[in-house]
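Enquirer: Pasting in a structure now, in structure tokens, and then I'll have a few things to ask.
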Amino acid sequence: MRNTRALAAAGAAVAVLGLAAPTATAGGDHNQPSNIVALPSVIARGGQMTVTVDGCPQGGTMTSDAFRTTHLTPVRGANETSKGTATIKEDARPGSYDITVNCSGRRLTRPAAFTVIGGVRGGIGGSSTSGATSTDIAIGGGLVAAAVAGGGVFWMRRRAERRI
């Protein structure tokens, strides 16, 4: 029973990897951009994303509505890969975005290549001040005073019990 499950899981994994692998081009044309990969595929505004493109041996550019036009630089390897790092705009709206790559005069667009998520809404919480405010100091001082007073009462009661 366990062998059947393991075999089924392995078969499913091989099928998924086979579908995700880039397809070979029929004429051996290596200057055709293919297999655009954006990592991470889910990113917050202001974050940096790395994009790799196979079949782009001399570099090129990549564009999207979520980031400015960015250069791709060649990376040594078997797939003639180029790589670039893009910073997501702070005002990018949450949602899926396409990436368009231009390599050696050829263009390729990958629809829904990555997803931008909204930033964290943390409120004021230290983001607008540097250090403790007067309210924080008053609360901390009050807690220390209460602890000292409570300790003093406890000590005085214990001292009075010993005399009896």
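If you're wondering about the labels, chains in the structure tokens are A, B, ... by order shown, residues count from 1 in each chain, ligands from 1 in order shown.
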Near A:Thr81, counting only C-alpha atoms, which residues have an atom at most 8 Å away, once you skip same-chain residues fewer than 6 positions from it, shown as a list in words?

Expert: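 The residues satisfying every condition are Thr52, Val53, Asp54, Gly55, Cys56, Pro57, Pro74 and Val75 of chain A.
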
Enquirer: Could you give me, as JSON, numbers by chain, the residues within 10 Å of A:Gly60, counting only C-alpha atoms and dropping anything in the same chain fewer than 6 positions from it?

Expert: {"A": [33, 53, 70, 71, 72, 73, 74, 82, 83, 84, 101, 102, 103, 104, 105, 106, 107]}

Enquirer: Can those selected residues be exported to a file as a compact mmCIF listing (two decimals), in the first residue's frame so that it contains N, CA, C and O atoms?

Expert:
```txt
# COMPACT_ATOMS: atom_id res chain seq x y z
N PRO A 33 14.42 34.23 -26.60
CA PRO A 33 14.17 34.22 -25.16
C PRO A 33 13.07 33.23 -24.79
O PRO A 33 12.08 33.10 -25.51
N VAL A 53 16.20 34.57 -17.51
CA VAL A 53 15.65 34.29 -18.84
C VAL A 53 16.63 33.41 -19.59
O VAL A 53 17.80 33.75 -19.70
N THR A 70 14.53 47.34 -16.52
CA THR A 70 15.75 46.88 -15.87
C THR A 70 16.59 46.08 -16.86
O THR A 70 16.05 45.36 -17.70
N HIS A 71 17.89 46.20 -16.75
CA HIS A 71 18.81 45.49 -17.65
C HIS A 71 19.00 44.05 -17.19
O HIS A 71 19.04 43.76 -16.00
N LEU A 72 19.14 43.17 -18.16
CA LEU A 72 19.49 41.78 -17.92
C LEU A 72 20.96 41.60 -18.30
O LEU A 72 21.39 42.06 -19.35
N THR A 73 21.72 40.94 -17.43
CA THR A 73 23.12 40.70 -17.72
C THR A 73 23.34 39.22 -17.96
O THR A 73 22.73 38.38 -17.30
N PRO A 74 24.22 38.88 -18.90
CA PRO A 74 24.46 37.46 -19.21
C PRO A 74 25.10 36.72 -18.04
O PRO A 74 25.90 37.27 -17.29
N SER A 82 20.31 34.95 -18.96
CA SER A 82 20.56 36.30 -18.47
C SER A 82 19.75 36.51 -17.21
O SER A 82 18.72 35.87 -17.00
N LYS A 83 20.22 37.43 -16.38
CA LYS A 83 19.60 37.62 -15.07
C LYS A 83 19.54 39.11 -14.74
O LYS A 83 20.44 39.87 -15.11
N GLY A 84 18.50 39.51 -14.05
CA GLY A 84 18.36 40.90 -13.61
C GLY A 84 17.61 40.98 -12.30
O GLY A 84 16.85 40.08 -11.95
N VAL A 101 10.24 40.63 -21.84
CA VAL A 101 11.69 40.59 -21.99
C VAL A 101 12.03 40.90 -23.44
O VAL A 101 11.38 40.44 -24.37
N ASN A 102 13.09 41.70 -23.63
CA ASN A 102 13.59 42.03 -24.96
C ASN A 102 15.05 41.61 -25.02
O ASN A 102 15.90 42.22 -24.37
N CYS A 103 15.34 40.56 -25.80
CA CYS A 103 16.70 40.05 -25.95
C CYS A 103 17.03 39.95 -27.43
O CYS A 103 16.31 39.30 -28.18
N SER A 104 18.12 40.58 -27.83
CA SER A 104 18.59 40.52 -29.21
C SER A 104 17.49 40.88 -30.21
O SER A 104 17.35 40.26 -31.26
N GLY A 105 16.68 41.85 -29.86
CA GLY A 105 15.61 42.30 -30.76
C GLY A 105 14.37 41.42 -30.76
O GLY A 105 13.43 41.66 -31.51
N ARG A 106 14.33 40.40 -29.93
CA ARG A 106 13.16 39.53 -29.84
C ARG A 106 12.49 39.72 -28.50
O ARG A 106 13.15 39.87 -27.48
N ARG A 107 11.17 39.69 -28.54
CA ARG A 107 10.39 39.94 -27.32
C ARG A 107 9.64 38.68 -26.91
O ARG A 107 9.20 37.90 -27.74
```
